[in-house]
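Source file: query_16.txt (compact mmCIF, C-alpha atoms)
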# COMPACT_ATOMS: atom_id res chain seq x y z
CA MET A 1 28.96 -15.23 1.96
CA VAL A 2 26.85 -18.28 1.21
CA GLY A 3 23.61 -18.20 3.14
CA SER A 4 23.54 -14.48 3.80
CA CYS A 5 20.38 -14.03 1.78
CA SER A 6 17.18 -14.97 3.55
CA MET A 7 13.89 -14.97 1.75
CA ALA A 8 10.51 -15.86 3.15
CA GLU A 9 7.42 -15.56 1.07
CA THR A 10 4.06 -14.14 1.97
CA PRO A 11 1.10 -16.48 1.37
CA LYS A 12 -0.18 -16.75 -2.18
CA VAL A 13 -3.32 -14.87 -3.11
CA ASP A 14 -5.57 -17.28 -4.95
CA SER A 15 -8.65 -15.26 -5.74
CA GLN A 16 -9.22 -13.72 -9.18
CA ARG A 17 -6.88 -15.79 -11.31
CA VAL A 18 -3.60 -14.82 -9.69
CA TYR A 19 -0.61 -16.86 -10.82
CA VAL A 20 2.73 -17.30 -9.13
CA PRO A 21 5.51 -16.68 -11.64
CA HIS A 22 8.60 -18.88 -11.79
CA VAL A 23 11.77 -17.20 -10.56
CA ASP A 24 15.50 -17.78 -10.50
CA ILE A 25 17.35 -15.95 -7.74
CA ILE A 26 21.12 -15.57 -7.87
CA GLU A 27 23.29 -13.98 -5.24
CA LYS A 28 26.86 -12.89 -5.65
CA GLU A 29 28.72 -11.06 -2.90
CA GLY A 30 25.47 -9.70 -1.50
CA ASP A 31 24.17 -8.44 -4.84
CA VAL A 32 21.03 -10.29 -5.88
CA VAL A 33 19.58 -10.80 -9.35
CA LEU A 34 16.05 -12.11 -9.92
CA TYR A 35 14.79 -13.49 -13.21
CA VAL A 36 11.00 -13.65 -13.31
CA ASN A 37 8.96 -15.31 -16.06
CA LEU A 38 6.01 -13.05 -16.89
CA PRO A 39 4.84 -14.36 -20.27
CA GLY A 40 2.29 -12.12 -21.96
CA ALA A 41 2.82 -9.12 -19.71
CA ALA A 42 3.49 -5.77 -21.35
CA SER A 43 6.34 -3.88 -19.69
CA GLU A 44 4.03 -1.02 -18.64
CA SER A 45 1.81 -3.48 -16.76
CA ILE A 46 4.63 -4.59 -14.46
CA ASP A 47 4.69 -3.11 -11.00
CA ILE A 48 7.65 -3.57 -8.66
CA GLN A 49 7.69 -2.40 -5.07
CA TYR A 50 10.44 -2.60 -2.51
CA GLU A 51 9.59 -1.40 0.97
CA ASP A 52 10.77 -2.46 4.44
CA GLY A 53 12.62 -5.39 2.98
CA GLN A 54 9.56 -6.66 1.13
CA LEU A 55 9.86 -7.01 -2.60
CA THR A 56 6.61 -7.40 -4.54
CA ILE A 57 6.35 -8.04 -8.25
CA GLU A 58 2.97 -7.76 -9.95
CA ALA A 59 1.85 -7.80 -13.54
CA SER A 60 -1.57 -7.89 -15.12
CA VAL A 61 -2.00 -9.76 -18.37
CA ALA A 62 -4.93 -9.08 -20.66
CA ASP A 63 -6.84 -11.92 -22.33
CA ARG A 64 -5.47 -12.63 -25.77
CA GLN A 65 -8.48 -14.54 -27.11
CA SER A 66 -12.09 -13.47 -27.14
CA VAL A 67 -14.27 -14.62 -24.27
CA GLY A 68 -16.20 -17.23 -26.23
CA THR A 69 -13.15 -19.09 -27.55
CA LYS A 70 -13.66 -22.84 -27.30
CA TYR A 71 -10.33 -24.36 -26.47
CA LEU A 72 -9.42 -27.84 -27.61
CA LEU A 73 -6.52 -27.72 -25.17
CA ARG A 74 -5.56 -25.22 -22.50
CA GLU A 75 -2.61 -25.90 -20.22
CA TYR A 76 -2.29 -22.49 -18.60
CA GLY A 77 -4.47 -19.67 -17.47
CA VAL A 78 -4.09 -15.98 -18.16
CA GLY A 79 -4.63 -13.37 -15.51
CA ARG A 80 -2.41 -11.68 -13.01
CA PHE A 81 1.07 -12.54 -11.82
CA ARG A 82 2.00 -11.79 -8.25
CA ARG A 83 4.90 -12.75 -6.03
CA SER A 84 6.31 -11.31 -2.88
CA PHE A 85 9.58 -11.90 -1.04
CA GLN A 86 10.76 -10.87 2.36
CA LEU A 87 14.44 -10.03 1.96
CA ALA A 88 16.68 -10.14 5.01
CA ASN A 89 19.55 -8.38 3.27
CA SER A 90 19.48 -4.65 2.83
CA PHE A 91 19.65 -3.30 -0.69
CA ASP A 92 20.23 0.10 -2.13
CA ALA A 93 16.69 0.91 -3.29
CA SER A 94 17.85 3.85 -5.40
CA ARG A 95 20.08 1.61 -7.49
CA ILE A 96 17.61 -1.24 -8.14
CA GLU A 97 17.49 -1.88 -11.88
CA ALA A 98 14.71 -3.56 -13.82
CA SER A 99 14.66 -4.64 -17.43
CA TYR A 100 12.14 -6.72 -19.37
CA ARG A 101 12.76 -8.73 -22.50
CA ASN A 102 10.94 -11.64 -24.18
CA GLY A 103 8.64 -12.10 -21.22
CA VAL A 104 11.42 -12.24 -18.61
CA LEU A 105 11.89 -9.56 -15.99
CA THR A 106 15.44 -9.07 -14.73
CA LEU A 107 15.74 -7.29 -11.40
CA LYS A 108 19.14 -6.28 -10.04
CA LEU A 109 19.28 -5.51 -6.35
CA PRO A 110 22.65 -4.08 -5.38
CA LYS A 111 23.73 -4.62 -1.81
CA ALA A 112 23.47 -1.55 0.37
CA GLU A 113 26.86 0.10 0.75
CA GLU A 114 26.92 -0.06 4.55
CA ALA A 115 26.33 -3.80 4.43
CA LYS A 116 29.40 -4.40 2.27
CA PRO A 117 32.55 -5.46 4.06
CA ARG A 118 34.85 -2.51 4.29
CA ARG A 119 38.51 -2.30 5.20
CA ILE A 120 39.03 0.16 8.01
CA GLU A 121 42.32 1.92 8.00
CA VAL A 122 43.95 2.06 11.42
CA LYS A 123 45.59 5.37 11.93
CA ALA A 124 48.91 5.43 13.67
CA MET B 1 27.52 -8.88 9.98
CA PHE B 2 24.74 -6.36 9.66
CA GLY B 3 21.21 -7.69 9.88
CA ILE B 4 22.02 -10.94 8.21
CA SER B 5 20.46 -14.07 9.60
CA HIS B 6 22.45 -17.07 10.62
CA PRO B 7 23.33 -19.35 7.68
CA ARG B 8 21.86 -22.43 9.32
CA ARG B 9 18.60 -20.70 10.05
CA TRP B 10 18.45 -19.54 6.49
CA GLN B 11 19.08 -23.08 5.32
CA SER B 12 16.14 -24.47 7.26
CA GLU B 13 13.91 -21.68 5.97
CA MET B 14 14.85 -22.42 2.40
CA ASP B 15 14.30 -26.13 2.85
CA ARG B 16 10.88 -25.57 4.28
CA LEU B 17 9.98 -23.35 1.36
CA PHE B 18 11.12 -25.88 -1.17
CA GLU B 19 9.21 -28.66 0.55
CA GLY B 20 6.03 -26.67 0.48
CA MET B 21 6.37 -25.41 -3.03
CA LEU B 22 8.19 -27.80 -5.24
CA GLY B 23 8.95 -30.97 -3.35
CA PRO B 24 12.08 -31.54 -1.31
CA GLN B 25 14.65 -31.70 -4.06
CA ALA B 26 13.15 -30.97 -7.43
CA PRO B 27 13.40 -27.23 -7.90
CA ARG B 28 13.79 -27.61 -11.64
CA TRP B 29 11.52 -29.26 -14.17
CA VAL B 30 14.38 -30.91 -15.95
CA GLN B 31 14.57 -34.67 -16.03
CA GLY B 32 17.41 -36.25 -17.93
CA GLY B 33 18.22 -32.92 -19.55
CA MET B 34 14.74 -32.60 -21.05
CA VAL B 35 12.11 -30.19 -19.80
CA ASN B 36 8.77 -31.89 -19.38
CA ASN B 37 5.58 -30.40 -20.80
CA PHE B 38 7.26 -27.21 -21.89
CA PRO B 39 6.05 -24.96 -23.31
CA PRO B 40 2.48 -25.11 -21.96
CA LEU B 41 0.02 -24.85 -24.83
CA ALA B 42 -3.41 -23.56 -25.73
CA LEU B 43 -5.16 -24.78 -28.87
CA TRP B 44 -8.33 -23.62 -30.57
CA GLU B 45 -9.94 -23.84 -33.97
CA THR B 46 -11.67 -21.59 -36.49
CA PRO B 47 -13.27 -22.86 -39.72
CA GLU B 48 -10.09 -22.00 -41.67
CA SER B 49 -7.30 -22.64 -39.19
CA TYR B 50 -5.99 -24.13 -36.03
CA HIS B 51 -4.34 -21.77 -33.59
CA VAL B 52 -1.67 -22.73 -31.11
CA GLU B 53 -0.40 -20.48 -28.38
CA ALA B 54 2.57 -21.29 -26.14
CA GLU B 55 4.03 -19.53 -23.11
CA ILE B 56 7.72 -19.62 -23.90
CA PRO B 57 9.46 -16.78 -22.04
CA GLY B 58 13.14 -16.04 -22.51
CA LEU B 59 13.46 -16.98 -26.16
CA THR B 60 13.46 -15.17 -29.49
CA LEU B 61 11.87 -16.58 -32.68
CA GLU B 62 15.38 -17.51 -33.87
CA ASP B 63 15.79 -19.75 -30.79
CA ILE B 64 12.58 -21.68 -31.49
CA ASP B 65 12.28 -24.43 -34.10
CA ILE B 66 8.82 -24.82 -35.55
CA PHE B 67 8.19 -27.74 -37.85
CA VAL B 68 4.90 -28.35 -39.63
CA LYS B 69 4.17 -31.44 -41.69
CA ASP B 70 0.83 -32.87 -42.70
CA ARG B 71 -1.16 -32.90 -39.45
CA GLU B 72 1.76 -32.45 -37.08
CA VAL B 73 3.32 -29.41 -35.48
CA THR B 74 6.57 -29.62 -33.52
CA ILE B 75 7.90 -26.83 -31.33
CA SER B 76 11.40 -27.35 -29.98
CA GLY B 77 14.40 -25.48 -28.69
CA ARG B 78 16.64 -24.97 -25.74
CA LEU B 79 16.23 -22.81 -22.68
CA GLN B 80 19.46 -21.36 -21.43
CA GLY B 81 19.69 -21.57 -17.67
CA VAL B 82 21.57 -19.31 -15.33
CA ASP B 83 25.32 -19.91 -15.28
CA SER B 84 26.66 -21.15 -11.98
CA ASP B 85 29.54 -18.64 -12.14
CA GLN B 86 26.96 -15.87 -11.87
CA GLY B 87 26.70 -16.64 -8.17
CA THR B 88 24.78 -18.79 -5.73
CA LEU B 89 21.43 -20.00 -7.03
CA HIS B 90 18.81 -19.60 -4.29
CA ARG B 91 15.83 -20.40 -6.47
CA GLY B 92 15.87 -22.24 -9.76
CA GLU B 93 12.26 -22.61 -10.80
CA ARG B 94 12.45 -21.43 -14.40
CA PRO B 95 12.65 -24.41 -16.72
CA THR B 96 15.97 -24.95 -18.49
CA GLY B 97 17.29 -27.37 -21.05
CA GLU B 98 15.98 -28.95 -24.22
CA PHE B 99 12.27 -28.97 -24.87
CA LYS B 100 10.02 -30.45 -27.52
CA ARG B 101 6.25 -30.50 -27.92
CA GLU B 102 4.46 -32.36 -30.66
CA ILE B 103 0.86 -31.63 -31.54
CA ARG B 104 -1.16 -33.88 -33.82
CA LEU B 105 -4.21 -32.19 -35.28
CA PRO B 106 -7.31 -33.87 -36.74
CA MET B 107 -6.86 -32.24 -40.17
CA PRO B 108 -3.88 -31.66 -42.50
CA LEU B 109 -2.26 -28.21 -42.48
CA ASP B 110 -0.86 -26.00 -45.20
CA PRO B 111 2.79 -25.57 -44.13
CA ASP B 112 3.40 -22.70 -46.60
CA LYS B 113 0.76 -20.53 -44.96
CA VAL B 114 1.77 -21.03 -41.34
CA GLU B 115 2.43 -17.81 -39.48
CA ALA B 116 4.38 -17.51 -36.24
CA LYS B 117 4.46 -14.52 -33.91
CA LEU B 118 6.25 -13.98 -30.65
CA SER B 119 5.27 -11.25 -28.24
CA HIS B 120 6.42 -10.87 -24.60
CA GLY B 121 7.31 -14.54 -24.41
CA VAL B 122 4.06 -15.80 -25.95
CA LEU B 123 4.29 -17.70 -29.23
CA THR B 124 1.25 -17.77 -31.51
CA LEU B 125 0.97 -20.09 -34.51
CA ASP B 126 -1.74 -19.69 -37.12
CA LEU B 127 -2.03 -23.01 -38.92
CA PRO B 128 -4.37 -22.86 -41.92
CA LYS B 129 -6.05 -26.11 -42.86
CA VAL B 130 -5.47 -27.31 -46.43
CA GLU B 131 -8.23 -26.28 -48.83
CA THR B 132 -9.73 -29.74 -49.24
CA ALA B 133 -9.84 -30.32 -45.49
CA LYS B 134 -11.79 -27.19 -44.66
CA GLY B 135 -15.22 -28.51 -45.54
CA ARG B 136 -17.86 -26.55 -47.39
CA ARG B 137 -21.34 -25.45 -46.50
CA ILE B 138 -23.81 -27.11 -48.89
CA ALA B 139 -26.82 -25.07 -49.81
CA VAL B 140 -29.94 -27.23 -49.74
CA LYS B 141 -32.32 -26.51 -52.56
CA ASP B 142 -35.98 -26.53 -51.86
CA GLY B 143 -37.12 -29.60 -53.81
CA SER B 144 -40.82 -28.96 -53.24
CA ALA B 145 -40.67 -25.62 -55.12
CA SER B 146 -39.48 -27.18 -58.38
CA PRO B 147 -42.16 -28.00 -60.96
Structure encoded using structure tokens:
Amino acid sequence: MVGSCSMAETPKVDSQRVYVPHVDIIEKEGDVVLYVNLPGAASESIDIQYEDGQLTIEASVADRQSVGTKYLLREYGVGRFRRSFQLANSFDASRIEASYRNGVLTLKLPKAEEAKPRRIEVKA
Amino acid sequence: MFGISHPRRWQSEMDRLFEGMLGPQAPRWVQGGMVNNFPPLALWETPESYHVEAEIPGLTLEDIDIFVKDREVTISGRLQGVDSDQGTLHRGERPTGEFKREIRLPMPLDPDKVEAKLSHGVLTLDLPKVETAKGRRIAVKDGSASP
């Protein structure tokens, strides 16, 4: 089943401090698991949408320091995370599971039942 | 199969994506088993303390080693990657492997008063300066008023 999972991304939105989170995507027998780094996001700020094969993950992150903070060093920005994938496989939307721990979102996309190989009994 | 694109077409799509995003064959940040510039840091100062913040998703405080001595702070640990037996890895952008960041501050710190917090993958260190290093505001007396 290698190569059965096609993903094309929509262009990045760059206005208003939008950041593209790092992801790992693993596929096993048509089931797909995504791990998404969303450091600083509270679980209630995470929005996941799956429609017409398009999966969109968004999270807004509030500033943690006051506006006037003078940084001696700043290697990352804080704002909004957004990433979108076009998934060629079909998934069972009702069984998609999401969990969030230590700043990492885990999304489990089970393969749609009709897309799974099925043994057809031949009646005599 | 049902609605599944041809493997070769998928392959070329993936390659194109990787070229555009991360370079042709460097999906991970790891070089020689060490993650470079991880975790990313922010640093700021108040009169009493230095403050370090690090984006370090996927770890608990027990997984992170924080070492403070004199003017130096070291943050180190190991990021567990995804096991290959979990399936086929289509994207592997999250950093994995050993990491270590060393920060050298201009003033000595009080290691006993250091506080570390971790919330949603963001580590915050409050690093109080030692008493003698803080500096003191000196009130200037008005010399002309004295008799």
**OP:** Select residues of chain A: the criterion is any atom within 6 Å of an atom of chain B, counting all atoms listed in the file; output as a list in words.
**Re:** Gly3, Ser4, Ser6, His22, Val23, Asp24, Ile25, Ile26, Glu27, Lys28, Pro39, Gly40, Tyr71, Leu72, Leu73, Arg74, Glu75, Asn102, Gly103 and Val104 of chain A
Subject >> Point-to-point distance from atom CA of Val140 of chain B to atom CA of Pro128 of chain B, Å rounded to tenths >> reply: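 Atom CA of Pro128 of chain B lies 27.1 Å from atom CA of Val140 of chain B.
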**OP:** Could you tell me which of A:Gly77, A:Pro110, A:Gly68, A:Gly30 comes closest to Ser94 of chain A if we count all atoms listed in the file?
**Re:**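 Answer, going by the shortest atom-to-atom distance: A:Pro110.
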Give the centre and edge lengths of an axis-aligned box, in Å to one decimal, that holds all listed atoms of segment 98-108 of chain B with 6 Å on each side, as AutoDock Vina command-line options.
--center_x 4.3 --center_y -31.4 --center_z -33.4 --size_x 35.3 --size_y 16.9 --size_z 30.3
Original post:
How many Å lie between atom CA of Arg101 of chain B and atom CA of Val35 of chain B, rounded to one decimal?
Top reply: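 Computing the Euclidean distance for atom CA of Arg101 of chain B and atom CA of Val35 of chain B yields 10.0 Å.
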Original post:
Got a sec: who's within 8 Å of Tyr50 of chain A, counting only C-alpha atoms, leaving out chain neighbours fewer than 5 positions off, as a VMD selection string?
Top reply: chain A and resid 55 to 56 93
Those same residues, written as a PDB file, in the coordinates of the input with C-alpha atoms?
ATOM      1  CA  LEU A  55       9.860  -7.010  -2.600  1.00  0.00           C
ATOM      2  CA  THR A  56       6.610  -7.400  -4.540  1.00  0.00           C
ATOM      3  CA  ALA A  93      16.690   0.910  -3.290  1.00  0.00           C
TER       4      ALA A  93
END
Original post:
Can you tell me how far atom CA of Arg101 of chain A sits from atom CA of Ser43 of chain A, in Å to one decimal?
Top reply: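 Going from atom CA of Arg101 of chain A over to atom CA of Ser43 of chain A covers 8.5 Å.
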Would you mind putting N, CA and C atoms back on segment 77-97 of chain A and writing the result as a CSV table (one decimal), in the frame of the given file?
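Ended up saving to out00.csv:
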chain,number,residue,atom,x,y,z
A,77,GLY,N,-3.5,-20.7,-17.6
A,77,GLY,CA,-4.5,-19.7,-17.5
A,77,GLY,C,-3.8,-18.3,-17.7
A,78,VAL,N,-4.6,-17.3,-18.0
A,78,VAL,CA,-4.1,-16.0,-18.2
A,78,VAL,C,-4.8,-15.1,-17.2
A,79,GLY,N,-4.0,-14.3,-16.5
A,79,GLY,CA,-4.6,-13.4,-15.5
A,79,GLY,C,-3.6,-12.4,-15.0
A,80,ARG,N,-3.3,-12.6,-13.7
A,80,ARG,CA,-2.4,-11.7,-13.0
A,80,ARG,C,-1.3,-12.5,-12.4
A,81,PHE,N,-0.1,-11.9,-12.5
A,81,PHE,CA,1.1,-12.5,-11.8
A,81,PHE,C,1.3,-11.8,-10.5
A,82,ARG,N,1.6,-12.5,-9.5
A,82,ARG,CA,2.0,-11.8,-8.2
A,82,ARG,C,2.9,-12.7,-7.4
A,83,ARG,N,4.0,-12.0,-6.9
A,83,ARG,CA,4.9,-12.8,-6.0
A,83,ARG,C,5.6,-11.8,-5.1
A,84,SER,N,5.8,-12.2,-3.9
A,84,SER,CA,6.3,-11.3,-2.9
A,84,SER,C,7.4,-12.0,-2.1
A,85,PHE,N,8.5,-11.3,-1.8
A,85,PHE,CA,9.6,-11.9,-1.0
A,85,PHE,C,9.9,-11.0,0.1
A,86,GLN,N,10.2,-11.6,1.2
A,86,GLN,CA,10.8,-10.9,2.4
A,86,GLN,C,12.3,-11.0,2.3
A,87,LEU,N,13.0,-9.9,2.1
A,87,LEU,CA,14.4,-10.0,2.0
A,87,LEU,C,15.1,-9.6,3.3
A,88,ALA,N,16.0,-10.5,3.8
A,88,ALA,CA,16.7,-10.1,5.0
A,88,ALA,C,17.8,-9.2,4.8
A,89,ASN,N,18.4,-9.3,3.6
A,89,ASN,CA,19.6,-8.4,3.3
A,89,ASN,C,19.0,-7.0,3.0
A,90,SER,N,19.9,-6.0,3.2
A,90,SER,CA,19.5,-4.6,2.8
A,90,SER,C,20.1,-4.3,1.5
A,91,PHE,N,19.2,-3.7,0.7
A,91,PHE,CA,19.6,-3.3,-0.7
A,91,PHE,C,19.5,-1.8,-0.9
A,92,ASP,N,20.3,-1.3,-1.8
A,92,ASP,CA,20.2,0.1,-2.1
A,92,ASP,C,19.1,0.3,-3.1
A,93,ALA,N,17.9,0.8,-2.5
A,93,ALA,CA,16.7,0.9,-3.3
A,93,ALA,C,16.9,1.9,-4.5
A,94,SER,N,17.7,2.9,-4.3
A,94,SER,CA,17.8,3.8,-5.4
A,94,SER,C,18.6,3.3,-6.6
A,95,ARG,N,19.3,2.2,-6.4
A,95,ARG,CA,20.1,1.6,-7.5
A,95,ARG,C,19.5,0.3,-8.0
A,96,ILE,N,18.3,0.0,-7.6
A,96,ILE,CA,17.6,-1.2,-8.1
A,96,ILE,C,17.3,-1.0,-9.6
A,97,GLU,N,17.7,-2.0,-10.4
A,97,GLU,CA,17.5,-1.9,-11.9
A,97,GLU,C,16.5,-3.0,-12.4
